[in-house]
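**Student:** This is the structure I want to talk about, given as structure tokens.
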Amino acid sequence: MYRLIKKDGNAKRGEFHTVHGVIQTPVFMNVGTAAAIKGAVSTEDLEEIGTQVELSNTYHLHVRPGDLVVKQMGGLHKFMSWDKPILTDSGGFQVFSLAGLRKIKEEGVYFHSHVDGKKIFMGPEESMQIQSNLASTIAMAFDECAPSKADRGYVKASVERTTRWLKRCKTEMARLCELRDTINKEQLLFGINQGAIYEDIRVEHAKEIAELELPGYAIGGLAVGESHEEMYHIIEAVIPHLPVEKPTYLMGVGTPANILEAVERGVDFFDCVYPSRNGRHGHVYTNHGKLNLLNAQYELDDRPIEEGCACPACRRYTRAYIRHLLKAKEMLGMRLCVLHNLYFYNHMMEEIREAIEKGCYQEYKKKKLDGMNGK
RNA sequence: GGAUGGGUAUGCCUAGCGGCGAGGGCGGCGGACUGUAAAUCCGUUACAAAGAAACAUCGCAAGUUCGAGUCUUGCCCCAUCCA
């Protein structure tokens, strides 16, 4: 499973062994919610830009095309022609993002489909069943991602329910892995820590879920409205209570700076829609800060997005051309920006792993941050 | 020469049918986005004004009216059709 190769301060360099191959950590998982990274990015592209783990979503794939369709097509790996690890998020984030379309009960969550309004019930068992049908490498526990500004009483009750749900997830996942027609009998379940910005609730919850001896743990419910300082503080508070010999996954985070800070605090897995969404919106990451290629200043810029970058966009195209494509709403413009951003993230993780191995993570991080801040 | 339809803001197109210091779209410029209801959303896009004060040649001019982008008349321009 997880093998810790080296520690540099609290930063961890590790390997996570799965039935779909080894994940080198720290890792950034590339988000393809509906079994595709938005922006016309193909599975072949993922191979080219150094993707290790593809991430898809339980709720969205259940709504469309339906997890039973995916199961009949042989599971998500066959369906999207990707043989490396896949992590499926449980639908817990949709409890947050689709707050206006759902009702939470002890047994689970009643959603109204965002596509056609159809009633959808998803509890811990349903989420596990769907993820088992999808046959992802790693399944996430069904949790409630509460808003960071939720009051203490609400958060406490929510976290207690999320703990009860986690136990139900574990039982159901064990049952599903035993079934004869289950595609991935080695499917791994990660638990999720919650507690908004209340340190004591977070810590108590972390201790509780750590006792369940799951193959990995996530910190959820961050980067949903709180400040960076609050987020970093919670990470520091929680990590000592999660097993160091298991991977820690900071869900939905974040900016390159967020990742650099979190790695320093001991986080192994990341995912975020930023590189893909920002790419579609013409914002691209470089070692000298973020550019908005739609800005007029790039109209006649004949440089690549980033000098020396080996991504498919930078190897061949200028900022001026990509800006033109974006302005003209040519799909290629978005695609090139998304490819560049994902490459930037994946490549940064490679640098991070190398720096930890060399024991110079601090220097690497400082240099990287200074560069991105234009120093 | 005749017929018909039009000319709305120092980018383009358009709403308007007597209370308009004129609504919308496109384009332009800028911003936001953190386990994706997002190729989305928001702001801005004549001049002046930080406010009881300031009136944009709504093609131009004259008129009717308390009041005109809106009604009348004349003129100019554009488009299409007919000679």
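Residue names in the structure tokens use chain letters A, B, ... in the order shown, residue numbers from 1 in each chain, and ligand numbers from 1 in the order shown.
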Env of G63 in chain B: 12 Å cut, atoms = only C-alpha atoms (C1' of nucleotides), seq-sep filter 3 positions within chain, self excluded. Answer as a PyMOL selection string.
**Tutor:** chain B and resi 68+71-74
**Student:** Fewer than 5 positions away in the same chain doesn't count, so skip those; otherwise give me all residues within 8 Å of range 32-49 of chain B, counting only C-alpha atoms (C1' of nucleotides), as number ranges by chain.
**Tutor:** A: 33, 39, 89, 92-93, 98, 114-115, 220, 223-224, 251-255, 271-274, 277-278, 280-281, 329, 331, 334; B: 9-10, 54, 56
**Student:** With distances taken over only C-alpha atoms (C1' of nucleotides), which of A:Tyr345, A:Tyr249, A:Tyr198, A:Tyr154 is nearest to chain B?
**Tutor:**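 Smallest distance to chain B is found for A:Tyr249.
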**Student:** Between CA of Leu336 in chain A and CA of Gly282 in chain A, what is the spacing in Å?
**Tutor:**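 Answer for the CA of Gly282 in chain A to CA of Leu336 in chain A separation: 9.5 Å.
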**Student:** Can you pull out every residue from range 9-195 of chain A that DSSP, working from the backbone, puts in helix (DSSP H, G or I), and format the result as an MDAnalysis selection string?
**Tutor:** chainID A and resid 43:48 58:63 67:72 76:80 92:97 99:101 124:134 152:178
**Student:** For CA of Asp45 in chain A and CA of Thr58 in chain A, determine how far apart the two atoms are, in Å to one decimal place.
**Tutor:** 23.0 Å
**Student:** Using only C-alpha atoms (C1' of nucleotides) for the distances, tell me which of B:A52, B:A15, B:C77, B:C29 is nearest to chain A.
**Tutor:** B:C29
**Student:** Would you mind writing down, as a ChimeraX atom specification, each residue of range 107-351 of chain A that DSSP on the backbone assigns to strand (DSSP E)?
**Tutor:** /A:108-112,119-122,138-140,188-193,216-219,248-250,269-272,283-286,289-292
**Student:** Restricting it to C-alpha atoms, dump the selection as a compact mmCIF listing (two decimals), in the first residue's frame.
**Tutor:**
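See again_13.txt below for the written result:
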```txt
# COMPACT_ATOMS: atom_id res chain seq x y z
CA GLY A 108 -28.49 10.00 3.59
CA VAL A 109 -29.14 12.85 1.19
CA TYR A 110 -32.12 13.42 -1.07
CA PHE A 111 -31.05 15.30 -4.19
CA HIS A 112 -33.03 16.73 -7.02
CA LYS A 119 -35.32 12.64 -7.11
CA ILE A 120 -32.05 10.88 -6.24
CA PHE A 121 -31.32 9.32 -2.86
CA MET A 122 -27.70 8.86 -1.91
CA ILE A 138 -9.93 4.64 -4.66
CA ALA A 139 -13.42 5.36 -3.39
CA MET A 140 -14.10 8.28 -1.09
CA LEU A 188 -9.79 1.21 -1.46
CA LEU A 189 -11.87 3.41 0.82
CA PHE A 190 -10.52 6.71 2.12
CA GLY A 191 -12.13 8.35 5.15
CA ILE A 192 -12.71 12.09 5.28
CA ASN A 193 -12.03 14.46 8.15
CA GLY A 216 -5.98 6.54 3.43
CA TYR A 217 -7.46 9.68 4.91
CA ALA A 218 -8.62 12.94 3.46
CA ILE A 219 -9.06 16.39 4.90
CA THR A 248 -3.26 12.15 3.44
CA TYR A 249 -5.41 13.77 0.80
CA LEU A 250 -6.32 17.45 0.97
CA PHE A 269 -2.69 13.86 -2.44
CA PHE A 270 -4.32 16.91 -4.01
CA ASP A 271 -6.96 17.68 -6.55
CA CYS A 272 -8.48 20.92 -7.77
CA HIS A 283 -5.85 31.97 -17.10
CA VAL A 284 -2.55 30.11 -17.26
CA TYR A 285 0.05 29.35 -14.62
CA THR A 286 3.74 30.11 -15.02
CA GLY A 289 2.83 34.14 -11.85
CA LYS A 290 -0.56 33.64 -13.48
CA LEU A 291 -1.36 35.20 -16.86
CA ASN A 292 -4.78 36.07 -18.24
```
**Student:** In Å, with one decimal, what is the gap from CA of Tyr321 in chain A to CA of Glu54 in chain A?
**Tutor:**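 If I compute the distance from CA of Tyr321 in chain A to CA of Glu54 in chain A, I get 29.2 Å.
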**Student:** Just want the 7 Å neighbourhood of Gly50 in chain A, counted on only C-alpha atoms (C1' of nucleotides), with same-chain residues fewer than 2 positions away dropped. Output as a list in words.
**Tutor:**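 That gives Leu46, Glu47, Glu48, Gln52, Tyr343 and Asn346 of chain A.
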**Student:** Which residue out of B:G7, B:G27, B:G18, B:G51 has the minimum interatomic distance to chain A when only C-alpha atoms (C1' of nucleotides) are used?
**Tutor:**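 Of the candidates, the smallest distance to chain A is held by B:G27.
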**Student:** Skip Cys311 in chain A itself and residues of its chain fewer than 2 positions away, then list as a ChimeraX atom specification all residues within 7 Å of it, counting only C-alpha atoms (C1' of nucleotides).
**Tutor:** /A:49,309,313-315,340,343
**Student:** What's the 9 Å shell around Lys185 in chain A, counting only C-alpha atoms (C1' of nucleotides), without same-chain residues fewer than 3 positions away, as a ChimeraX atom specification?
**Tutor:** /A:132,135,176-180,182,188
**Student:** List the spatial neighbours of Ile183 in chain A as a list in words - criterion: any atom at most 12 Å away, only C-alpha atoms (C1' of nucleotides), same-chain residues fewer than 4 positions off excluded.
**Tutor:**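 Contacts, in chain order: Val19, Leu68, Val70, Lys71, Gln72, Met73, Gly74, Gly75, Leu76, His77, Lys78, Gln129, Ile130, Gln131, Ser132, Asn133, Leu134, Ala135, Ser136, Thr137, Leu176, Cys177, Glu178, Leu179 and Gln187 of chain A.
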**Student:** Using N, CA and C atoms, can you write the selected residues to a file as a PDB file, in the first residue's frame?
**Tutor:**
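Okay, this is what ended up in selection.pdb:
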```
ATOM      1  N   VAL A  19      -3.892  -1.599  -7.413  1.00  0.00           N
ATOM      2  CA  VAL A  19      -4.043  -2.593  -8.489  1.00  0.00           C
ATOM      3  C   VAL A  19      -3.866  -1.956  -9.861  1.00  0.00           C
ATOM      4  N   LEU A  68     -24.651   2.006 -13.720  1.00  0.00           N
ATOM      5  CA  LEU A  68     -24.875   0.661 -14.259  1.00  0.00           C
ATOM      6  C   LEU A  68     -24.413   0.565 -15.705  1.00  0.00           C
ATOM      7  N   VAL A  70     -21.841   2.250 -16.837  1.00  0.00           N
ATOM      8  CA  VAL A  70     -20.381   2.153 -16.728  1.00  0.00           C
ATOM      9  C   VAL A  70     -19.990   0.727 -16.341  1.00  0.00           C
ATOM     10  N   LYS A  71     -20.758   0.146 -15.414  1.00  0.00           N
ATOM     11  CA  LYS A  71     -20.439  -1.230 -14.995  1.00  0.00           C
ATOM     12  C   LYS A  71     -20.579  -2.201 -16.175  1.00  0.00           C
ATOM     13  N   GLN A  72     -21.655  -2.047 -16.930  1.00  0.00           N
ATOM     14  CA  GLN A  72     -21.846  -2.933 -18.094  1.00  0.00           C
ATOM     15  C   GLN A  72     -20.752  -2.749 -19.133  1.00  0.00           C
ATOM     16  N   MET A  73     -20.179  -1.533 -19.165  1.00  0.00           N
ATOM     17  CA  MET A  73     -19.097  -1.266 -20.116  1.00  0.00           C
ATOM     18  C   MET A  73     -17.747  -1.696 -19.538  1.00  0.00           C
ATOM     19  N   GLY A  74     -17.791  -2.345 -18.374  1.00  0.00           N
ATOM     20  CA  GLY A  74     -16.565  -2.924 -17.837  1.00  0.00           C
ATOM     21  C   GLY A  74     -15.875  -2.082 -16.784  1.00  0.00           C
ATOM     22  N   GLY A  75     -16.555  -1.031 -16.319  1.00  0.00           N
ATOM     23  CA  GLY A  75     -15.962  -0.162 -15.289  1.00  0.00           C
ATOM     24  C   GLY A  75     -15.366   1.077 -15.930  1.00  0.00           C
ATOM     25  N   LEU A  76     -15.077   2.040 -15.068  1.00  0.00           N
ATOM     26  CA  LEU A  76     -14.611   3.354 -15.522  1.00  0.00           C
ATOM     27  C   LEU A  76     -13.301   3.267 -16.327  1.00  0.00           C
ATOM     28  N   HIS A  77     -12.399   2.376 -15.894  1.00  0.00           N
ATOM     29  CA  HIS A  77     -11.114   2.281 -16.599  1.00  0.00           C
ATOM     30  C   HIS A  77     -11.306   1.917 -18.069  1.00  0.00           C
ATOM     31  N   LYS A  78     -12.102   0.878 -18.295  1.00  0.00           N
ATOM     32  CA  LYS A  78     -12.359   0.461 -19.681  1.00  0.00           C
ATOM     33  C   LYS A  78     -13.165   1.520 -20.405  1.00  0.00           C
ATOM     34  N   GLN A 129     -22.027   1.666  -3.410  1.00  0.00           N
ATOM     35  CA  GLN A 129     -22.494   0.789  -4.495  1.00  0.00           C
ATOM     36  C   GLN A 129     -22.179   1.403  -5.852  1.00  0.00           C
ATOM     37  N   ILE A 130     -22.440   2.721  -5.950  1.00  0.00           N
ATOM     38  CA  ILE A 130     -22.163   3.397  -7.223  1.00  0.00           C
ATOM     39  C   ILE A 130     -20.671   3.349  -7.525  1.00  0.00           C
ATOM     40  N   GLN A 131     -19.862   3.657  -6.512  1.00  0.00           N
ATOM     41  CA  GLN A 131     -18.410   3.666  -6.728  1.00  0.00           C
ATOM     42  C   GLN A 131     -17.885   2.267  -7.026  1.00  0.00           C
ATOM     43  N   SER A 132     -18.525   1.262  -6.449  1.00  0.00           N
ATOM     44  CA  SER A 132     -18.147  -0.118  -6.750  1.00  0.00           C
ATOM     45  C   SER A 132     -18.485  -0.447  -8.207  1.00  0.00           C
ATOM     46  N   ASN A 133     -19.634   0.040  -8.653  1.00  0.00           N
ATOM     47  CA  ASN A 133     -20.003  -0.154 -10.063  1.00  0.00           C
ATOM     48  C   ASN A 133     -19.035   0.569 -10.995  1.00  0.00           C
ATOM     49  N   LEU A 134     -18.621   1.760 -10.574  1.00  0.00           N
ATOM     50  CA  LEU A 134     -17.658   2.516 -11.386  1.00  0.00           C
ATOM     51  C   LEU A 134     -16.297   1.818 -11.355  1.00  0.00           C
ATOM     52  N   ALA A 135     -16.049   1.109 -10.247  1.00  0.00           N
ATOM     53  CA  ALA A 135     -14.815   0.312 -10.086  1.00  0.00           C
ATOM     54  C   ALA A 135     -13.550   1.156 -10.080  1.00  0.00           C
ATOM     55  N   SER A 136     -13.647   2.321  -9.441  1.00  0.00           N
ATOM     56  CA  SER A 136     -12.462   3.166  -9.315  1.00  0.00           C
ATOM     57  C   SER A 136     -11.424   2.488  -8.433  1.00  0.00           C
ATOM     58  N   THR A 137     -10.208   3.009  -8.483  1.00  0.00           N
ATOM     59  CA  THR A 137      -9.126   2.475  -7.657  1.00  0.00           C
ATOM     60  C   THR A 137      -9.375   2.844  -6.196  1.00  0.00           C
ATOM     61  N   LEU A 176     -19.243  -5.202  -0.535  1.00  0.00           N
ATOM     62  CA  LEU A 176     -19.225  -5.128  -1.998  1.00  0.00           C
ATOM     63  C   LEU A 176     -17.987  -5.810  -2.582  1.00  0.00           C
ATOM     64  N   CYS A 177     -16.844  -5.669  -1.883  1.00  0.00           N
ATOM     65  CA  CYS A 177     -15.599  -6.265  -2.390  1.00  0.00           C
ATOM     66  C   CYS A 177     -15.665  -7.794  -2.386  1.00  0.00           C
ATOM     67  N   GLU A 178     -16.569  -8.333  -1.608  1.00  0.00           N
ATOM     68  CA  GLU A 178     -16.728  -9.790  -1.521  1.00  0.00           C
ATOM     69  C   GLU A 178     -17.626 -10.342  -2.619  1.00  0.00           C
ATOM     70  N   LEU A 179     -18.440  -9.468  -3.218  1.00  0.00           N
ATOM     71  CA  LEU A 179     -19.427  -9.952  -4.194  1.00  0.00           C
ATOM     72  C   LEU A 179     -18.737 -10.507  -5.439  1.00  0.00           C
ATOM     73  N   GLN A 187     -10.910  -2.437  -4.274  1.00  0.00           N
ATOM     74  CA  GLN A 187     -11.214  -1.007  -4.174  1.00  0.00           C
ATOM     75  C   GLN A 187     -10.908  -0.497  -2.764  1.00  0.00           C
TER      76      GLN A 187
END
```
**Student:** What's the 12 Å shell around G19 in chain B, counting only C-alpha atoms (C1' of nucleotides), without same-chain residues fewer than 4 positions away, as a ChimeraX atom specification?
**Tutor:** /B:66-68,70
**Student:** Let's have the selection written as a JSON list (two decimals), in the first residue's frame, with N, CA and C atoms (P, O5', C5', C4', C3', O3' and C1' of nucleotides).
**Tutor:**
```
[["chain", "number", "residue", "atom", "x", "y", "z"],
["B", 66, "C", "P", -49.99, 72.92, -24.00],
["B", 66, "C", "O5'", -48.80, 72.63, -22.97],
["B", 66, "C", "C5'", -48.24, 73.70, -22.22],
["B", 66, "C", "C4'", -47.23, 73.13, -21.24],
["B", 66, "C", "C3'", -46.22, 72.19, -21.84],
["B", 66, "C", "O3'", -45.14, 72.90, -22.42],
["B", 66, "C", "C1'", -47.12, 71.21, -19.88],
["B", 67, "G", "P", -44.55, 72.43, -23.82],
["B", 67, "G", "O5'", -43.95, 71.00, -23.45],
["B", 67, "G", "C5'", -42.79, 70.92, -22.63],
["B", 67, "G", "C4'", -42.49, 69.48, -22.30],
["B", 67, "G", "C3'", -42.29, 68.57, -23.49],
["B", 67, "G", "O3'", -40.97, 68.66, -23.98],
["B", 67, "G", "C1'", -43.74, 67.54, -21.93],
["B", 68, "A", "P", -40.71, 68.46, -25.54],
["B", 68, "A", "O5'", -41.13, 66.93, -25.78],
["B", 68, "A", "C5'", -40.39, 65.84, -25.21],
["B", 68, "A", "C4'", -40.07, 64.83, -26.29],
["B", 68, "A", "C3'", -39.11, 65.35, -27.36],
["B", 68, "A", "O3'", -38.33, 64.26, -27.87],
["B", 68, "A", "C1'", -41.17, 64.81, -28.36],
["B", 70, "U", "P", -39.25, 62.52, -32.08],
["B", 70, "U", "O5'", -40.20, 61.26, -31.84],
["B", 70, "U", "C5'", -40.18, 60.16, -32.76],
["B", 70, "U", "C4'", -41.10, 59.07, -32.23],
["B", 70, "U", "C3'", -42.57, 59.47, -32.23],
["B", 70, "U", "O3'", -43.37, 58.45, -32.81],
["B", 70, "U", "C1'", -41.90, 58.80, -30.05]]
```
**Student:** Counting only C-alpha atoms (C1' of nucleotides), which residue out of A:Glu354, A:Glu186, A:Glu15, A:Asp116 sits closest to chain B?
**Tutor:**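 Selected residue with least distance to chain B: A:Asp116.
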